[in-house]
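**Q** Take a look at the following structure, please.
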Amino acid sequence: MLDVRGLRKEYKRHLAVNDLTFNVQPGEIIGLLGPNGAGKTTALRCIAGILRPTGGEVFINGFDVVQDQARAKANLAFVPEVPALYELLTVEEHLKFIAMCFKRMDLFESQKETLLSRYRLSDKRNELVATLSKGMRQKLSVACALIHDANVLLFDEPLIGIDPEGARELKDEITRARDAGAAILISTHLLDTAEKLCDRLLIVQRGILRAQGTVAELREQFGTADQSLEDIFLSITAEDSPPVLSA
Ligand code: ATP
């Protein structure tokens, strides 16, 4: 599971994430929503151990992502908004490299064909990443995240740039991982997808957690029964006051 406690991230004088506390239980998909610049990517990068938080703690399967990085990351997969791939490795070499890093060559052997075929990358298996289209890179990035069977999965805008067929596959994949017991956190601007895919939603604005709950709970707290998630999101984020940095 994922446990985030009082997470804070300052960039020089800018407070990007302010006292964020939430958890994601096994078998749960949480949607991280918020306007541009709300701090979603910053929060995900802190949780993934890529950025060092200014304050607070992140526990992945009980391990502190700063103090006990190797054990915290052992069962973590992060799909960034912009795929971080190696231009001079082929598609299949990527899957192999990631599986080797996580010491899961067994999964490389058993899962590679399924993943390559699911993301329509089979005929590109021997191509260098440099030759792939943007959407293909995104799909490879997802396949790399899935090859080592992580039980905490982080996705930053995973559906951007992916074609409808790939998006359907990915949504099915995310649901399958949830049903198999993974704890999943997804940032997205796609409110329809968030409503269908996620069990609970977190709405952040200027780094602050403004609201959380199921869509029904958000409707009850912030809207009316007939309002769409878009209406509720817009009403929650209508008030926009800048964050204050402590001296
Ligand atoms: P979007 O929906 O547009 O992707 P986001 O919610 O992911 O936005 P972040 O990218 O986390 O937002 O940015 C949060 C805030 O932190 C923004 O005000 C942004 O300008 C600022 N920020 C992000 N990265 C840096 C950085 N490296 N240095 C300084 N400020 C940064």
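If you're wondering about the labels, chains in the structure tokens are A, B, ... by order shown, residues count from 1 in each chain, ligands from 1 in order shown.
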Wanna dump the chain A-ligand 1 contacts at 7 Å for me, each residue with its shortest atom pair and the distance in Å to one decimal, counting only C-alpha atoms and all ligand atoms, ordered by chain and number, as a tab-separated table?
**A**
residue	atom	partner	partner_atom_place_in_ligand_line	distance
A:Tyr11	CA	ligand 1	29 (C)	4.8
A:Lys12	CA	ligand 1	29 (C)	6.9
A:His14	CA	ligand 1	30 (N)	6.3
A:Ala16	CA	ligand 1	16 (O)	4.4
A:Gly34	CA	ligand 1	6 (O)	6.0
A:Pro35	CA	ligand 1	2 (O)	5.6
A:Asn36	CA	ligand 1	3 (O)	3.3
A:Gly37	CA	ligand 1	12 (O)	3.4
A:Ala38	CA	ligand 1	6 (O)	3.7
A:Gly39	CA	ligand 1	11 (O)	3.3
A:Lys40	CA	ligand 1	6 (O)	3.8
A:Thr41	CA	ligand 1	7 (O)	3.7
A:Thr42	CA	ligand 1	11 (O)	3.7
A:Ala43	CA	ligand 1	11 (O)	6.4
**Q** Suppose we keep all heavy atoms; can you now write the selection as an mmCIF file, in the first residue's frame?
**A**
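Now in selection_32.cif:
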data_model
loop_
_atom_site.group_PDB
_atom_site.id
_atom_site.type_symbol
_atom_site.label_atom_id
_atom_site.label_comp_id
_atom_site.auth_asym_id
_atom_site.auth_seq_id
_atom_site.Cartn_x
_atom_site.Cartn_y
_atom_site.Cartn_z
ATOM 1 N N TYR A 11 9.957 24.486 -4.254
ATOM 2 C CA TYR A 11 10.984 24.774 -5.260
ATOM 3 C C TYR A 11 11.451 26.198 -4.962
ATOM 4 O O TYR A 11 10.695 27.145 -5.192
ATOM 5 C CB TYR A 11 10.400 24.762 -6.663
ATOM 6 C CG TYR A 11 9.922 23.431 -7.183
ATOM 7 C CD1 TYR A 11 8.572 23.201 -7.415
ATOM 8 C CD2 TYR A 11 10.817 22.406 -7.497
ATOM 9 C CE1 TYR A 11 8.115 22.004 -7.940
ATOM 10 C CE2 TYR A 11 10.367 21.200 -8.015
ATOM 11 C CZ TYR A 11 9.017 21.007 -8.235
ATOM 12 O OH TYR A 11 8.582 19.824 -8.758
ATOM 13 N N LYS A 12 12.617 26.374 -4.469
ATOM 14 C CA LYS A 12 13.084 27.708 -4.061
ATOM 15 C C LYS A 12 11.994 28.373 -3.221
ATOM 16 O O LYS A 12 11.674 27.891 -2.151
ATOM 17 C CB LYS A 12 13.491 28.548 -5.266
ATOM 18 C CG LYS A 12 14.697 27.920 -5.977
ATOM 19 C CD LYS A 12 15.311 28.813 -6.987
ATOM 20 C CE LYS A 12 16.509 28.096 -7.602
ATOM 21 N NZ LYS A 12 16.753 28.451 -8.962
ATOM 22 N N HIS A 14 8.809 28.668 -4.154
ATOM 23 C CA HIS A 14 7.467 28.257 -4.564
ATOM 24 C C HIS A 14 7.053 26.969 -3.850
ATOM 25 O O HIS A 14 7.759 25.960 -3.901
ATOM 26 C CB HIS A 14 7.415 28.052 -6.073
ATOM 27 C CG HIS A 14 6.045 27.691 -6.537
ATOM 28 N ND1 HIS A 14 5.031 28.619 -6.657
ATOM 29 C CD2 HIS A 14 5.494 26.496 -6.861
ATOM 30 C CE1 HIS A 14 3.932 28.017 -7.049
ATOM 31 N NE2 HIS A 14 4.184 26.725 -7.178
ATOM 32 N N ALA A 16 4.991 23.961 -3.954
ATOM 33 C CA ALA A 16 4.255 23.213 -4.985
ATOM 34 C C ALA A 16 3.327 22.165 -4.383
ATOM 35 O O ALA A 16 2.270 21.873 -4.937
ATOM 36 C CB ALA A 16 5.243 22.543 -5.938
ATOM 37 N N GLY A 34 -6.584 17.902 -10.532
ATOM 38 C CA GLY A 34 -6.276 19.278 -10.146
ATOM 39 C C GLY A 34 -5.958 20.098 -11.375
ATOM 40 O O GLY A 34 -5.538 19.546 -12.403
ATOM 41 N N PRO A 35 -6.149 21.407 -11.297
ATOM 42 C CA PRO A 35 -5.849 22.258 -12.448
ATOM 43 C C PRO A 35 -4.355 22.221 -12.804
ATOM 44 O O PRO A 35 -3.549 21.705 -12.016
ATOM 45 C CB PRO A 35 -6.228 23.668 -11.962
ATOM 46 C CG PRO A 35 -6.920 23.497 -10.663
ATOM 47 C CD PRO A 35 -6.585 22.163 -10.119
ATOM 48 N N ASN A 36 -3.997 22.775 -13.928
ATOM 49 C CA ASN A 36 -2.578 22.877 -14.300
ATOM 50 C C ASN A 36 -1.817 23.568 -13.174
ATOM 51 O O ASN A 36 -2.280 24.571 -12.621
ATOM 52 C CB ASN A 36 -2.400 23.699 -15.583
ATOM 53 C CG ASN A 36 -2.964 22.993 -16.800
ATOM 54 O OD1 ASN A 36 -3.695 23.574 -17.581
ATOM 55 N ND2 ASN A 36 -2.637 21.736 -16.980
ATOM 56 N N GLY A 37 -0.660 23.006 -12.841
ATOM 57 C CA GLY A 37 0.184 23.621 -11.817
ATOM 58 C C GLY A 37 -0.243 23.320 -10.387
ATOM 59 O O GLY A 37 0.298 23.889 -9.440
ATOM 60 N N ALA A 38 -1.201 22.398 -10.217
ATOM 61 C CA ALA A 38 -1.718 22.094 -8.870
ATOM 62 C C ALA A 38 -0.701 21.348 -8.008
ATOM 63 O O ALA A 38 -0.838 21.306 -6.789
ATOM 64 C CB ALA A 38 -2.994 21.275 -8.987
ATOM 65 N N GLY A 39 0.281 20.714 -8.651
ATOM 66 C CA GLY A 39 1.294 19.983 -7.887
ATOM 67 C C GLY A 39 1.197 18.474 -8.044
ATOM 68 O O GLY A 39 1.867 17.722 -7.323
ATOM 69 N N LYS A 40 0.433 18.014 -9.022
ATOM 70 C CA LYS A 40 0.223 16.565 -9.189
ATOM 71 C C LYS A 40 1.528 15.853 -9.568
ATOM 72 O O LYS A 40 1.908 14.866 -8.950
ATOM 73 C CB LYS A 40 -0.844 16.303 -10.267
ATOM 74 C CG LYS A 40 -2.180 16.965 -9.973
ATOM 75 C CD LYS A 40 -3.194 16.729 -11.076
ATOM 76 C CE LYS A 40 -2.844 17.305 -12.426
ATOM 77 N NZ LYS A 40 -2.746 18.780 -12.456
ATOM 78 N N THR A 41 2.204 16.371 -10.600
ATOM 79 C CA THR A 41 3.451 15.728 -11.033
ATOM 80 C C THR A 41 4.496 15.807 -9.931
ATOM 81 O O THR A 41 5.218 14.834 -9.668
ATOM 82 C CB THR A 41 3.974 16.397 -12.327
ATOM 83 O OG1 THR A 41 3.021 16.153 -13.358
ATOM 84 C CG2 THR A 41 5.329 15.843 -12.745
ATOM 85 N N THR A 42 4.575 16.957 -9.267
ATOM 86 C CA THR A 42 5.549 17.107 -8.179
ATOM 87 C C THR A 42 5.279 16.071 -7.092
ATOM 88 O O THR A 42 6.205 15.400 -6.608
ATOM 89 C CB THR A 42 5.470 18.533 -7.597
ATOM 90 O OG1 THR A 42 5.731 19.468 -8.646
ATOM 91 C CG2 THR A 42 6.455 18.729 -6.471
ATOM 92 N N ALA A 43 4.009 15.916 -6.722
ATOM 93 C CA ALA A 43 3.665 14.932 -5.685
ATOM 94 C C ALA A 43 4.038 13.526 -6.143
ATOM 95 O O ALA A 43 4.666 12.766 -5.388
ATOM 96 C CB ALA A 43 2.173 15.016 -5.363
#
**Q** I'd like the contact shell of Phe97 of chain A - 12 Å cut-off, only C-alpha atoms, skipping same-chain residues fewer than 5 positions apart - returned as a PyMOL selection string.
**A** chain A and resi 85-86+89-92+102-105+107-108+112+144-145+147-148
**Q** Of the residues A:Val24, A:Ala143, A:Glu230, A:Glu109, which is the one nearest to Ile184 of chain A, using only C-alpha atoms?
**A**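 Result for the nearest residue to Ile184 of chain A: A:Val24.
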**Q** Which polymer residues have any atom within 12 Å of an atom of Lys134 of chain A, counting only C-alpha atoms, with same-chain residues fewer than 5 positions away left out, as a ChimeraX atom specification?
**A** /A:81-85,129,139-141,159-163
**Q** Each residue of segment 148-221 of chain A lying at most 7 Å from segment 25-29 of chain A should get a row with its shortest atom-to-atom pair and the distance in Å to one decimal, counting only C-alpha atoms; could you produce that, ordered by chain and increasing number, as a Markdown table?
**A**
| residue | atom | partner | partner_atom | distance |
| --- | --- | --- | --- | --- |
| A:Arg178 | CA | A:Gly27 | CA | 4.6 |
| A:Asp179 | CA | A:Gly27 | CA | 5.8 |
| A:Ala180 | CA | A:Gly27 | CA | 6.8 |
| A:Gly181 | CA | A:Gly27 | CA | 4.1 |
| A:Ala182 | CA | A:Pro26 | CA | 5.0 |
| A:Ala183 | CA | A:Pro26 | CA | 4.4 |
| A:Ile184 | CA | A:Ile29 | CA | 4.7 |
| A:Leu185 | CA | A:Ile29 | CA | 5.9 |
| A:Cys198 | CA | A:Ile29 | CA | 4.9 |
| A:Asp199 | CA | A:Ile29 | CA | 5.3 |
| A:Arg200 | CA | A:Ile29 | CA | 6.8 |
**Q** Now that the selection is made, can you save its residues with N, CA and C atoms as a PDB file, in the first residue's frame?
**A**
ATOM      1  N   ARG A 178      -5.581  -3.624 -10.278  1.00  0.00           N
ATOM      2  CA  ARG A 178      -6.359  -3.326  -9.058  1.00  0.00           C
ATOM      3  C   ARG A 178      -7.025  -4.600  -8.522  1.00  0.00           C
ATOM      4  N   ASP A 179      -7.636  -5.370  -9.435  1.00  0.00           N
ATOM      5  CA  ASP A 179      -8.339  -6.577  -8.994  1.00  0.00           C
ATOM      6  C   ASP A 179      -7.369  -7.617  -8.435  1.00  0.00           C
ATOM      7  N   ALA A 180      -6.105  -7.532  -8.892  1.00  0.00           N
ATOM      8  CA  ALA A 180      -5.088  -8.459  -8.363  1.00  0.00           C
ATOM      9  C   ALA A 180      -4.481  -7.932  -7.059  1.00  0.00           C
ATOM     10  N   GLY A 181      -4.948  -6.758  -6.603  1.00  0.00           N
ATOM     11  CA  GLY A 181      -4.515  -6.281  -5.280  1.00  0.00           C
ATOM     12  C   GLY A 181      -3.522  -5.136  -5.292  1.00  0.00           C
ATOM     13  N   ALA A 182      -3.236  -4.551  -6.455  1.00  0.00           N
ATOM     14  CA  ALA A 182      -2.289  -3.424  -6.491  1.00  0.00           C
ATOM     15  C   ALA A 182      -2.944  -2.147  -5.957  1.00  0.00           C
ATOM     16  N   ALA A 183      -2.110  -1.268  -5.399  1.00  0.00           N
ATOM     17  CA  ALA A 183      -2.546   0.077  -4.976  1.00  0.00           C
ATOM     18  C   ALA A 183      -2.121   1.023  -6.095  1.00  0.00           C
ATOM     19  N   ILE A 184      -3.071   1.766  -6.662  1.00  0.00           N
ATOM     20  CA  ILE A 184      -2.791   2.513  -7.896  1.00  0.00           C
ATOM     21  C   ILE A 184      -3.185   3.980  -7.739  1.00  0.00           C
ATOM     22  N   LEU A 185      -2.255   4.859  -8.111  1.00  0.00           N
ATOM     23  CA  LEU A 185      -2.507   6.309  -8.066  1.00  0.00           C
ATOM     24  C   LEU A 185      -2.301   6.868  -9.474  1.00  0.00           C
ATOM     25  N   CYS A 198     -11.701   5.203 -11.352  1.00  0.00           N
ATOM     26  CA  CYS A 198     -11.143   5.355  -9.993  1.00  0.00           C
ATOM     27  C   CYS A 198     -12.177   5.046  -8.915  1.00  0.00           C
ATOM     28  N   ASP A 199     -11.676   4.487  -7.824  1.00  0.00           N
ATOM     29  CA  ASP A 199     -12.557   4.196  -6.687  1.00  0.00           C
ATOM     30  C   ASP A 199     -12.758   5.437  -5.828  1.00  0.00           C
ATOM     31  N   ARG A 200     -11.713   6.267  -5.743  1.00  0.00           N
ATOM     32  CA  ARG A 200     -11.801   7.519  -4.981  1.00  0.00           C
ATOM     33  C   ARG A 200     -11.015   8.580  -5.729  1.00  0.00           C
TER      34      ARG A 200
END
